[in-house]
$ cat data.cif   # mmCIF, C-alpha atoms
data_input
loop_
_atom_site.label_atom_id
_atom_site.label_comp_id
_atom_site.auth_asym_id
_atom_site.auth_seq_id
_atom_site.Cartn_x
_atom_site.Cartn_y
_atom_site.Cartn_z
CA MET S 1 135.79 -15.94 78.51
CA GLU S 2 133.05 -16.78 81.01
CA ARG S 3 134.12 -19.28 83.68
CA ALA S 4 131.84 -21.94 82.20
CA GLU S 5 133.54 -21.62 78.79
CA ILE S 6 137.08 -22.11 80.03
CA ASN S 7 138.81 -25.34 79.02
CA THR S 8 142.28 -26.30 77.80
CA ASP S 9 141.46 -25.71 74.12
CA ASN S 10 140.03 -22.24 74.76
CA ILE S 11 143.00 -21.29 76.93
CA LYS S 12 145.48 -22.32 74.21
CA ARG S 13 143.49 -20.39 71.61
CA VAL S 14 143.39 -17.21 73.73
CA VAL S 15 147.11 -17.48 74.50
CA LYS S 16 147.86 -17.25 70.77
CA GLU S 17 145.27 -14.57 70.00
CA GLU S 18 146.31 -12.33 72.91
CA ASP S 19 150.06 -13.07 72.70
CA VAL S 20 150.28 -14.10 76.34
CA ARG S 21 153.96 -14.51 77.27
CA PHE S 22 153.93 -15.43 80.96
CA LEU S 23 151.70 -17.37 83.31
CA ARG S 24 151.36 -16.79 87.05
CA LEU S 25 150.35 -19.87 89.03
CA MET S 26 148.85 -18.45 92.22
CA PHE S 27 148.02 -20.05 95.56
CA THR S 28 147.59 -18.93 99.17
CA ASP S 29 149.65 -19.94 102.20
CA ILE S 30 148.24 -20.62 105.66
CA SER S 31 148.74 -16.98 106.69
CA GLY S 32 146.59 -15.83 103.77
CA ILE S 33 149.50 -14.42 101.76
CA ILE S 34 149.20 -14.77 97.98
CA LYS S 35 152.10 -16.70 96.47
CA ASN S 36 152.89 -17.44 92.86
CA VAL S 37 155.20 -19.31 90.54
CA GLU S 38 155.66 -17.51 87.22
CA VAL S 39 156.54 -19.58 84.15
CA PRO S 40 156.98 -18.68 80.48
CA ILE S 41 154.05 -19.65 78.31
CA SER S 42 156.20 -22.39 76.75
CA GLN S 43 155.41 -24.39 79.92
CA LEU S 44 151.64 -24.18 79.35
CA ASP S 45 151.17 -27.84 78.39
CA LYS S 46 153.07 -28.96 81.47
CA VAL S 47 150.90 -26.70 83.64
CA LEU S 48 147.65 -27.94 82.09
CA ASP S 49 148.75 -31.55 82.62
CA ASN S 50 149.23 -30.91 86.38
CA LYS S 51 152.95 -31.67 86.12
CA LEU S 52 154.44 -28.45 87.43
CA MET S 53 156.25 -28.90 90.76
CA PHE S 54 157.43 -26.35 93.34
CA ASP S 55 159.32 -26.35 96.63
CA GLY S 56 156.71 -26.43 99.40
CA SER S 57 159.33 -26.21 102.17
CA SER S 58 159.85 -22.53 101.36
CA ILE S 59 156.19 -21.63 102.04
CA GLU S 60 154.92 -20.66 105.50
CA GLY S 61 153.19 -23.62 107.15
CA PHE S 62 153.51 -26.05 104.23
CA VAL S 63 156.04 -28.91 104.59
CA ARG S 64 159.54 -29.72 105.90
CA ILE S 65 162.57 -29.61 103.64
CA GLU S 66 162.79 -33.41 103.43
CA GLU S 67 159.31 -33.60 101.92
CA SER S 68 159.34 -30.44 99.85
CA ASP S 69 158.21 -31.47 96.35
CA MET S 70 154.59 -30.50 95.67
CA TYR S 71 152.39 -30.10 92.60
CA LEU S 72 150.30 -27.16 91.43
CA TYR S 73 146.94 -28.24 89.98
CA PRO S 74 145.44 -25.23 88.18
CA ASP S 75 141.73 -24.51 88.41
CA LEU S 76 140.97 -23.70 84.78
CA SER S 77 137.89 -21.67 85.71
CA THR S 78 140.22 -19.07 87.26
CA TRP S 79 141.98 -18.28 83.97
CA MET S 80 142.44 -14.53 83.65
CA ILE S 81 144.67 -12.15 81.67
CA PHE S 82 145.80 -9.18 83.75
CA PRO S 83 144.64 -5.96 82.10
CA TRP S 84 147.62 -3.78 83.00
CA GLU S 85 150.47 -3.30 80.58
CA ASN S 86 153.72 -5.25 80.83
CA GLU S 87 156.81 -4.44 78.77
CA TYR S 88 157.61 -8.15 78.43
CA GLY S 89 154.19 -9.15 77.09
CA LYS S 90 150.80 -10.06 78.52
CA VAL S 91 150.59 -12.00 81.77
CA ALA S 92 147.80 -14.44 82.64
CA ARG S 93 147.07 -16.25 85.86
CA LEU S 94 145.58 -19.49 87.14
CA ILE S 95 144.75 -20.14 90.78
CA CYS S 96 145.98 -23.55 91.86
CA ASP S 97 145.23 -26.24 94.40
CA ILE S 98 148.18 -27.95 96.08
CA TYR S 99 148.71 -31.70 95.72
CA ASN S 100 151.17 -34.21 97.14
CA PRO S 101 153.49 -36.19 94.81
CA ASP S 102 151.19 -39.24 95.19
CA GLY S 103 148.28 -37.30 93.67
CA THR S 104 146.37 -36.69 96.91
CA PRO S 105 145.23 -33.20 98.01
CA PHE S 106 147.71 -31.51 100.35
CA ALA S 107 146.23 -31.22 103.87
CA GLY S 108 147.84 -27.79 104.37
CA ASP S 109 146.20 -26.14 101.35
CA PRO S 110 143.67 -23.51 102.58
CA ARG S 111 141.69 -23.63 99.32
CA GLY S 112 141.50 -27.41 99.56
CA ASN S 113 140.35 -27.09 103.17
CA LEU S 114 137.41 -24.93 102.08
CA LYS S 115 136.50 -27.46 99.39
CA ALA S 116 136.46 -30.21 102.04
CA SER S 117 134.00 -28.16 104.13
CA LEU S 118 131.81 -27.64 101.07
CA ALA S 119 131.74 -31.39 100.50
CA LYS S 120 130.34 -31.82 104.02
CA MET S 121 127.74 -29.16 103.26
CA LYS S 122 126.59 -31.03 100.15
CA LYS S 123 126.07 -34.20 102.19
CA LEU S 124 123.47 -32.23 104.16
CA GLY S 125 121.61 -31.46 100.94
CA PHE S 126 122.77 -27.91 100.24
CA THR S 127 124.20 -27.10 96.83
CA SER S 128 126.17 -23.90 97.44
CA PHE S 129 127.46 -21.54 100.12
CA ASN S 130 127.54 -17.95 98.90
CA LEU S 131 129.64 -15.07 100.16
CA GLY S 132 129.34 -11.36 99.53
CA PRO S 133 132.47 -9.73 101.07
CA GLU S 134 132.92 -6.06 101.98
CA PRO S 135 136.69 -5.52 102.25
CA GLU S 136 137.94 -2.13 103.46
CA PHE S 137 141.41 -0.67 103.02
CA PHE S 138 143.47 2.46 103.65
CA LEU S 139 145.47 4.45 101.11
CA PHE S 140 148.79 5.84 102.35
CA LYS S 141 151.16 8.10 100.44
CA LEU S 142 154.53 6.91 99.16
CA ASP S 143 157.57 9.15 99.52
CA ASN S 144 159.87 10.11 96.66
CA ASN S 145 161.74 6.82 97.04
CA GLU S 146 158.45 4.87 96.96
CA ASN S 147 158.71 3.96 100.63
CA ILE S 148 155.45 3.71 102.56
CA THR S 149 154.64 6.67 104.80
CA MET S 150 151.94 6.99 107.46
CA ASP S 151 150.46 9.99 105.65
CA LEU S 152 146.91 9.32 104.49
CA ASN S 153 145.90 10.40 101.02
CA ASP S 154 142.84 12.41 102.14
CA THR S 155 140.74 13.68 105.05
CA GLY S 156 137.41 12.56 103.62
CA GLY S 157 134.63 10.86 105.54
CA TYR S 158 131.78 8.45 104.86
CA PHE S 159 130.45 8.82 101.29
CA ASP S 160 132.39 12.06 100.74
CA LEU S 161 133.07 13.28 97.19
CA SER S 162 136.16 14.85 95.62
CA PRO S 163 137.93 17.17 96.22
CA THR S 164 137.59 16.06 99.87
CA ASP S 165 137.86 12.41 98.81
CA LEU S 166 141.25 12.49 97.07
CA GLY S 167 141.19 8.72 96.61
CA GLU S 168 138.29 8.90 94.16
CA ASN S 169 140.41 8.66 90.99
CA CYS S 170 142.45 5.77 92.36
CA ARG S 171 139.29 3.98 93.50
CA ARG S 172 137.67 4.55 90.10
CA ASP S 173 140.69 3.08 88.32
CA ILE S 174 140.55 0.06 90.63
CA VAL S 175 136.88 -0.45 89.72
CA LEU S 176 137.65 -0.21 86.00
CA GLU S 177 140.43 -2.79 86.31
CA LEU S 178 138.16 -5.10 88.31
CA GLU S 179 135.45 -4.84 85.66
CA LYS S 180 137.98 -5.81 82.99
CA LEU S 181 138.51 -8.95 85.06
CA ASN S 182 134.74 -9.67 85.03
CA PHE S 183 134.05 -8.49 88.58
CA GLU S 184 130.52 -7.16 89.03
CA VAL S 185 131.22 -4.15 91.26
CA GLU S 186 128.11 -3.11 93.19
CA ALA S 187 129.39 -0.06 95.08
CA SER S 188 132.51 2.04 95.64
CA HIS S 189 132.80 4.74 98.26
CA HIS S 190 134.89 6.49 100.88
CA GLU S 191 134.59 4.90 104.31
CA VAL S 192 134.25 6.53 107.74
CA ALA S 193 137.93 7.08 108.53
CA PHE S 194 140.33 9.43 106.77
CA GLY S 195 141.98 7.65 103.84
CA GLN S 196 139.71 4.62 104.16
CA HIS S 197 137.83 3.07 101.24
CA GLU S 198 135.48 0.24 100.38
CA ILE S 199 134.61 -1.49 97.11
CA ASP S 200 131.84 -4.10 97.18
CA PHE S 201 131.45 -6.77 94.52
CA LYS S 202 128.69 -9.27 93.86
CA TYR S 203 128.41 -12.43 95.90
CA ALA S 204 129.60 -15.74 94.49
CA ASP S 205 129.94 -19.32 95.68
CA ALA S 206 132.48 -19.64 98.49
CA VAL S 207 135.55 -20.78 96.52
CA GLU S 208 135.06 -18.25 93.72
CA ALA S 209 134.34 -15.49 96.28
CA CYS S 210 137.58 -16.23 98.14
CA ASP S 211 139.48 -16.31 94.84
CA ASN S 212 137.92 -12.92 94.14
CA ILE S 213 139.07 -11.53 97.50
CA GLN S 214 142.67 -12.54 96.78
CA THR S 215 142.48 -11.14 93.25
CA PHE S 216 140.87 -7.96 94.61
CA LYS S 217 143.76 -7.39 97.03
CA LEU S 218 146.29 -7.83 94.23
CA VAL S 219 144.46 -5.39 91.93
CA VAL S 220 143.98 -2.78 94.67
CA LYS S 221 147.66 -2.82 95.63
CA THR S 222 148.80 -2.74 91.98
CA ILE S 223 146.60 0.20 90.95
CA ALA S 224 147.28 2.15 94.16
CA ARG S 225 151.00 1.91 93.40
CA LYS S 226 150.40 3.48 90.00
CA HIS S 227 148.84 6.44 91.82
CA GLY S 228 151.82 6.84 94.16
CA LEU S 229 149.90 5.23 97.02
CA HIS S 230 150.14 2.13 99.17
CA ALA S 231 146.94 0.18 99.83
CA SER S 232 146.94 -1.45 103.25
CA PHE S 233 144.55 -4.13 104.48
CA MET S 234 145.95 -3.88 108.00
CA PRO S 235 142.97 -4.03 110.40
CA LYS S 236 143.93 -1.01 112.56
CA PRO S 237 146.79 1.01 111.09
CA LEU S 238 146.14 4.21 113.04
CA PHE S 239 145.10 5.08 116.59
CA GLY S 240 141.88 7.00 117.16
CA ILE S 241 140.04 6.19 113.92
CA ASN S 242 138.01 3.25 112.64
CA GLY S 243 139.80 0.11 111.56
CA SER S 244 139.16 -1.93 108.42
CA GLY S 245 136.75 -4.83 108.42
CA MET S 246 135.64 -7.36 105.85
CA HIS S 247 131.99 -8.00 106.62
CA CYS S 248 130.91 -11.41 105.32
CA ASN S 249 127.39 -11.74 103.92
CA MET S 250 126.58 -15.46 103.87
CA SER S 251 123.75 -17.63 102.58
CA LEU S 252 123.14 -21.30 101.80
CA PHE S 253 121.42 -22.31 98.58
CA LYS S 254 119.60 -25.51 97.67
CA ASP S 255 118.72 -26.28 94.05
CA GLY S 256 119.01 -22.63 93.05
CA LYS S 257 116.84 -21.32 95.91
CA ASN S 258 118.01 -19.39 98.94
CA ALA S 259 117.74 -21.81 101.89
CA PHE S 260 117.78 -18.89 104.37
CA TYR S 261 114.56 -17.35 103.00
CA ASP S 262 111.08 -18.10 104.27
CA GLU S 263 108.43 -15.58 103.32
CA LYS S 264 106.30 -16.59 106.32
CA GLY S 265 109.14 -16.85 108.84
CA GLU S 266 110.03 -14.29 111.48
CA LEU S 267 112.18 -11.65 109.76
CA GLN S 268 111.47 -13.81 106.67
CA LEU S 269 114.22 -16.19 107.78
CA SER S 270 113.94 -19.96 107.44
CA ARG S 271 114.57 -22.46 110.24
CA ASN S 272 117.87 -23.32 108.55
CA ALA S 273 118.90 -19.65 108.73
CA TYR S 274 118.16 -19.52 112.46
CA HIS S 275 120.02 -22.79 113.10
CA PHE S 276 123.01 -21.54 111.05
CA LEU S 277 122.93 -18.27 113.00
CA ALA S 278 122.93 -20.17 116.29
CA GLY S 279 125.95 -22.19 115.15
CA LEU S 280 127.86 -19.02 114.31
CA LEU S 281 127.12 -17.56 117.74
CA LYS S 282 128.08 -20.81 119.50
CA HIS S 283 131.52 -20.93 117.84
CA ALA S 284 132.15 -17.17 117.60
CA ARG S 285 134.93 -17.01 120.19
CA SER S 286 136.66 -19.98 118.55
CA PHE S 287 136.65 -18.87 114.91
CA THR S 288 137.86 -15.40 115.89
CA ALA S 289 141.50 -16.61 115.82
CA ILE S 290 141.10 -17.43 112.12
CA CYS S 291 138.87 -14.47 111.18
CA ASN S 292 141.04 -11.98 113.11
CA PRO S 293 144.48 -13.59 112.89
CA THR S 294 146.93 -10.83 113.83
CA VAL S 295 147.93 -9.04 117.02
CA ASN S 296 146.72 -5.86 115.34
CA SER S 297 143.25 -7.33 114.66
CA TYR S 298 142.32 -6.84 118.32
CA LYS S 299 143.13 -3.14 118.23
CA ARG S 300 140.08 -2.91 115.93
CA LEU S 301 137.74 -5.07 118.04
CA ILE S 302 137.21 -2.46 120.78
CA PRO S 303 134.15 -0.32 121.64
CA GLY S 304 133.70 3.06 120.00
CA TYR S 305 134.77 2.40 116.41
CA GLU S 306 131.77 0.50 114.96
CA ALA S 307 133.53 -2.89 114.99
CA PRO S 308 131.59 -5.58 116.89
CA VAL S 309 132.82 -6.61 120.33
CA TYR S 310 129.88 -8.57 121.73
CA ILE S 311 128.40 -11.93 120.68
CA ALA S 312 124.79 -11.13 119.81
CA TRP S 313 122.59 -10.69 116.75
CA SER S 314 119.88 -8.37 115.50
CA GLY S 315 117.64 -7.72 112.55
CA ARG S 316 118.00 -3.99 113.04
CA ASN S 317 120.97 -2.38 114.76
CA ARG S 318 124.63 -2.69 113.76
CA SER S 319 126.27 -3.01 117.19
CA PRO S 320 125.96 -6.86 117.45
CA LEU S 321 128.27 -9.40 115.88
CA ILE S 322 125.68 -10.59 113.34
CA ARG S 323 122.87 -8.69 111.69
CA VAL S 324 120.16 -9.62 109.21
CA PRO S 325 120.11 -7.11 106.32
CA GLU S 326 116.70 -5.90 105.11
CA SER S 327 117.01 -7.40 101.61
CA LYS S 328 115.07 -10.64 101.34
CA GLY S 329 114.21 -13.27 98.72
CA THR S 330 117.31 -14.36 96.83
CA SER S 331 119.31 -11.74 98.76
CA THR S 332 118.43 -13.11 102.23
CA ARG S 333 121.66 -13.45 104.18
CA LEU S 334 123.44 -13.22 107.51
CA GLU S 335 126.12 -10.54 107.86
CA LEU S 336 129.03 -11.38 110.17
CA ARG S 337 130.75 -8.11 111.02
CA SER S 338 133.85 -9.18 112.95
CA VAL S 339 136.01 -10.55 110.12
CA ASP S 340 138.88 -8.33 109.03
CA PRO S 341 140.80 -8.27 105.71
CA SER S 342 143.98 -9.78 107.20
CA ALA S 343 142.13 -13.11 107.43
CA ASN S 344 142.88 -15.99 105.10
CA PRO S 345 139.49 -15.99 103.30
CA TYR S 346 139.55 -19.72 102.52
CA LEU S 347 140.13 -20.73 106.13
CA ALA S 348 137.71 -18.12 107.48
CA LEU S 349 134.89 -19.30 105.21
CA SER S 350 135.67 -22.93 105.91
CA LEU S 351 135.23 -22.44 109.65
CA LEU S 352 132.20 -20.17 109.34
CA LEU S 353 130.52 -22.81 107.19
CA GLN S 354 131.38 -25.61 109.62
CA ALA S 355 130.10 -23.53 112.56
CA GLY S 356 126.82 -22.80 110.79
CA LEU S 357 126.36 -26.42 109.69
CA ASP S 358 126.86 -27.50 113.32
CA GLY S 359 123.87 -25.33 114.17
CA ILE S 360 121.80 -26.96 111.42
CA LYS S 361 122.81 -30.54 112.27
CA ASN S 362 122.04 -30.05 115.96
CA GLN S 363 118.96 -27.85 115.43
CA LEU S 364 120.42 -25.10 117.60
CA THR S 365 118.23 -22.13 118.53
CA PRO S 366 119.72 -18.62 118.66
CA PRO S 367 119.13 -16.38 121.69
CA THR S 368 116.72 -13.46 121.59
CA PRO S 369 117.85 -10.71 119.19
CA ILE S 370 119.33 -7.58 120.74
CA ASP S 371 117.78 -4.50 119.20
CA ARG S 372 119.35 -2.00 121.62
CA ASN S 373 122.75 -0.39 121.18
CA ILE S 374 124.93 -2.84 123.13
CA TYR S 375 127.59 -0.19 123.68
CA HIS S 376 125.09 1.75 125.81
CA MET S 377 124.45 -1.26 128.08
CA ASP S 378 126.49 -1.73 131.25
CA GLU S 379 128.14 -5.04 132.11
CA LYS S 380 125.26 -6.17 134.35
CA GLU S 381 122.72 -5.57 131.58
CA ARG S 382 124.87 -7.48 129.11
CA VAL S 383 125.26 -10.47 131.43
CA GLU S 384 121.52 -10.52 132.16
CA SER S 385 120.90 -10.53 128.39
CA GLY S 386 123.38 -13.39 127.85
CA ILE S 387 125.78 -11.20 125.89
CA TYR S 388 129.47 -12.08 126.11
CA ALA S 389 132.52 -10.52 124.49
CA LEU S 390 134.74 -11.74 121.70
CA PRO S 391 138.35 -12.50 122.67
CA SER S 392 140.26 -9.30 123.38
CA THR S 393 143.70 -10.53 122.29
CA LEU S 394 145.15 -12.94 119.77
CA ASN S 395 146.31 -15.15 122.66
CA ASP S 396 142.77 -15.34 124.09
CA ALA S 397 141.43 -16.21 120.65
CA LEU S 398 143.99 -19.01 120.22
CA THR S 399 142.94 -20.40 123.61
CA ALA S 400 139.28 -20.37 122.55
CA LEU S 401 140.13 -22.16 119.31
CA SER S 402 142.13 -24.81 121.19
CA GLU S 403 138.99 -25.67 123.20
CA ASP S 404 136.74 -26.15 120.14
CA GLU S 405 137.17 -29.70 118.83
CA LEU S 406 134.76 -29.17 115.92
CA LEU S 407 136.72 -26.28 114.46
CA LYS S 408 140.09 -27.87 115.19
CA ASN S 409 138.96 -30.92 113.25
CA ALA S 410 137.65 -28.66 110.49
CA LEU S 411 141.11 -27.15 110.07
CA GLY S 412 142.83 -30.53 110.28
CA LYS S 413 146.00 -31.24 112.27
CA HIS S 414 148.38 -29.83 109.67
CA ILE S 415 146.75 -26.40 109.32
CA TYR S 416 145.80 -26.13 112.99
CA ASN S 417 149.27 -26.99 114.32
CA ASN S 418 151.14 -24.77 111.86
CA PHE S 419 148.72 -21.86 112.31
CA VAL S 420 148.90 -21.99 116.09
CA GLU S 421 152.69 -22.31 116.07
CA ALA S 422 153.04 -19.24 113.83
CA LYS S 423 150.56 -17.18 115.82
CA LYS S 424 152.00 -18.07 119.23
CA SER S 425 155.38 -16.95 117.89
CA GLU S 426 153.77 -13.69 116.73
CA TRP S 427 152.20 -13.18 120.17
CA THR S 428 155.48 -13.88 121.99
CA THR S 429 157.36 -11.42 119.79
CA PHE S 430 154.70 -8.79 120.40
CA LEU S 431 154.90 -9.24 124.18
CA SER S 432 158.67 -8.82 124.17
CA SER S 433 158.67 -5.69 121.99
CA VAL S 434 158.67 -2.20 123.48
CA SER S 435 156.11 0.17 121.97
CA GLU S 436 156.30 3.93 121.48
CA TRP S 437 153.43 4.27 123.99
CA GLU S 438 155.50 2.52 126.66
CA LYS S 439 158.44 4.79 126.00
CA GLU S 440 156.26 7.89 126.28
CA GLN S 441 154.67 6.66 129.52
CA TYR S 442 157.62 5.15 131.37
CA LEU S 443 160.93 6.49 130.06
CA THR S 444 161.08 9.16 132.82
CA LEU S 445 160.73 6.64 135.66
#
$ encode --input "data.cif" --output "C-alpha cells"
Amino acid sequence: MERAEINTDNIKRVVKEEDVRFLRLMFTDISGIIKNVEVPISQLDKVLDNKLMFDGSSIEGFVRIEESDMYLYPDLSTWMIFPWENEYGKVARLICDIYNPDGTPFAGDPRGNLKASLAKMKKLGFTSFNLGPEPEFFLFKLDNNENITMDLNDTGGYFDLSPTDLGENCRRDIVLELEKLNFEVEASHHEVAFGQHEIDFKYADAVEACDNIQTFKLVVKTIARKHGLHASFMPKPLFGINGSGMHCNMSLFKDGKNAFYDEKGELQLSRNAYHFLAGLLKHARSFTAICNPTVNSYKRLIPGYEAPVYIAWSGRNRSPLIRVPESKGTSTRLELRSVDPSANPYLALSLLLQAGLDGIKNQLTPPTPIDRNIYHMDEKERVESGIYALPSTLNDALTALSEDELLKNALGKHIYNNFVEAKKSEWTTFLSSVSEWEKEQYLTL
C-alpha cells in the first residue's frame, strides 16, 4: 500500500490477506536506539485505538518508575510488512509516537520533538522540510560463534567492483529488501575505506525521512547478519581510515516549490536559502552535540579523512562544513557534512531546522564562501577568513550546546536534561578508562 492509502480498514484487510501474525510497535529513545513492543495480531484493534501501554521507566531518558505508564500511538502511514521470512508467520510494523496517560504528547519523544519544530516552520509559511540522507556503514566479519570481529569483509575502495568489493552481494540484497519496503534507492556503492559502504535513498519530508533512516539501519543489520557480517554505524571504528558520516541534504518547500531555489540568485539560491545557511553556521558548534553524540564521533571529525572540521561553506569544494550541490531546481539543497550515523535523526533534524529557521527569522547573512581547500590553510589564514573549528570532543560540544538558549529550548527541558546527563556520564567513563594506546605508550615507565 502507498502511504496515502493506509487506514485502519486497509490494514485489517491486508492482515487477513497476508496472514500477518505479529506486530512490532517501534519507537526511538533519546539516544537514537530503536525500541519496539511486539504484540500478537490479536491485539490489533487495541493498537489501532491507541490503547496499548508500555513501561516508559525502562527506556533511556524517558520517565521515572513512579510515572512509568505511557501510550503508543501508531502512525498508520508507517505500516509495513517485513519482507524476510519468519517461521512463526509474517511480521508487520508501525512506528509510534509516545503519549502521556492524559492524552498529551510526551515531551521526551524525539519524533514528537521533530513534529513540534515542523509546526514552528509552518507558522513561517513553509509547508515541508525535506531530507536526503547519505548514511555510511562498515561490514565486519562474524566468527564461527557469530561474535563480532574487527576483520573487515573486503579491501575495496571508492566505487570498486567485485571481486575487490566483497560486500557487493550483501549490499545488493540490502537494496532489494529496501525496494520491497518501497524505498526508492538512488545509488549503492563501496565507500573510500576498506569494508565501508553507502546506500542513498530518495529524499522525503523530515519525519518520513527519519523513519526511513531508522528502518534502513534495521534492514542493513538484518541482511548483513544473513551474510555472516555485522553492519556497524559507529562513526570511527578503525584508526587510520575514513570514518562513517551521514551527510544531510536539506531543503524547505512552500506550496510544492523548492523555497531554496532562485533561478536568478547567486548560485541559483534564494534569499531564504542563504538565511537558512547562515543560521546553520551560527549554531554549528551547538548542534554538534546532537549530530555527533558519542565520544567516538570526534575521532572522525579530524583533518585528513574527508570529514569536515571547520565552520565554513562553499558552492564548490568539499572541505567546508556545508556545501551547495550542483543540482538545482527542485533538487536545490544544502548539504551538511558533519552529521554521523550515530545521531538520533529526529533530534538532529529538529535542531537543524530550528537553526535554519533562526537564520530566516532574523535575516542572517552567511559569510563569504570558502572555495579553497581549508586543510591547506594555516591557522592565521583561517582566522583571517573567519573560519573556526567544530568542537573537538563530546565535552566541548556539550558546553557549546549549554550556551545556546535557542537550541536548548528547541529540545525542551526533558530531552535536554536527560541527554546531557547521559552524555556527561559517557564522557566521565571515557576519561577514567585506560586505552590500549596508553598502555603501549606508558606501561614501561
$ resolve_selection --input "data.cif" --expression "the PyMOL selection byres ((chain S and resi 175) around 12)" --output "PyMOL selection string"
chain S and resi 168-174+176-189+198-201+216+219-220+223-224
$ atom_distance --input "data.cif" --atom1 "atom CA of Ile98 of chain S" --atom2 "atom CA of Phe27 of chain S"
7.9 Å
$ residues_around --input "data.cif" --residues "segment 142-151 of chain S" --least-positions-apart "3" --cutoff "12 Å" --atoms "all atoms listed in the file" --output "ChimeraX atom specification"
/S:138-139,154-155,194-195,224-232,237-239
$ closest_residue --input "data.cif" --among "S:Leu334, S:Leu152, S:Val309, S:Ala107" --to "Cys248 of chain S" --atoms "only C-alpha atoms"
S:Leu334
$ resolve_selection --input "data.cif" --expression "the PyMOL selection byres ((chain S and resi 120-132) around 8)" --output "list in words"
Ala116, Ser117, Leu118, Ala119, Pro133, Glu134, Phe201, Lys202, Tyr203, Ala204, Asp205, Ala206, Ala209, Cys248, Asn249, Met250, Ser251, Leu252, Phe253, Lys254, Asp255, Gly256, Leu353 and Leu357 of chain S
$ atom_distance --input "data.cif" --atom1 "atom CA of Ile95 of chain S" --atom2 "atom CA of Asn417 of chain S"
24.9 Å
$ residues_around --input "data.cif" --residues "Pro325 of chain S" --least-positions-apart "3" --cutoff "9 Å" --atoms "only C-alpha atoms" --output "PDB file with C-alpha atoms, in the coordinates of the input"
ATOM      1  CA  ASN S 249     127.390 -11.740 103.920  1.00  0.00           C
ATOM      2  CA  GLY S 315     117.640  -7.720 112.550  1.00  0.00           C
ATOM      3  CA  ARG S 316     118.000  -3.990 113.040  1.00  0.00           C
ATOM      4  CA  LYS S 328     115.070 -10.640 101.340  1.00  0.00           C
ATOM      5  CA  SER S 331     119.310 -11.740  98.760  1.00  0.00           C
ATOM      6  CA  THR S 332     118.430 -13.110 102.230  1.00  0.00           C
ATOM      7  CA  ARG S 333     121.660 -13.450 104.180  1.00  0.00           C
ATOM      8  CA  LEU S 334     123.440 -13.220 107.510  1.00  0.00           C
ATOM      9  CA  GLU S 335     126.120 -10.540 107.860  1.00  0.00           C
TER      10      GLU S 335
END
$ atom_distance --input "data.cif" --atom1 "atom CA of Leu407 of chain S" --atom2 "atom CA of Asp358 of chain S"
10.0 Å
$ resolve_selection --input "data.cif" --expression "the PyMOL selection byres ((chain S and resi 26) around 9)" --output "VMD selection string"
chain S and resid 24 to 25 27 to 28 34 to 38 72 74 93 to 97
$ residues_around --input "data.cif" --residues "Pro369 of chain S" --least-positions-apart "2" --cutoff "8 Å" --atoms "all atoms listed in the file" --output "number ranges by chain"
S: 312-315, 367, 371
$ closest_residue --input "data.cif" --among "S:Lys221, S:Arg382, S:His376, S:His283" --to "Leu406 of chain S" --atoms "only C-alpha atoms"
S:His283
$ closest_residue --input "data.cif" --among "S:Phe276, S:Asn212, S:Asp262, S:Ala343" --to "His247 of chain S" --atoms "all atoms listed in the file"
S:Ala343
$ closest_residue --input "data.cif" --among "S:Phe430, S:His275, S:Ser342, S:Ser319" --to "Arg372 of chain S" --atoms "all atoms listed in the file"
S:Ser319
$ axis_aligned_box --input "data.cif" --around "segment 32-40 of chain S" --padding-each-side "4 Å" --output "JSON"
{"center_x": 151.8, "center_y": -17.0, "center_z": 92.1, "size_x": 18.4, "size_y": 13.2, "size_z": 31.3}
$ residues_around --input "data.cif" --residues "Glu306 of chain S" --least-positions-apart "5" --cutoff "9 Å" --atoms "all atoms listed in the file" --output "VMD selection string"
chain S and resid 242 to 243 301 318 to 319
$ closest_residue --input "data.cif" --among "S:Ala273, S:Leu48, S:Ala278, S:Ile81" --to "Glu18 of chain S" --atoms "all atoms listed in the file"
S:Ile81
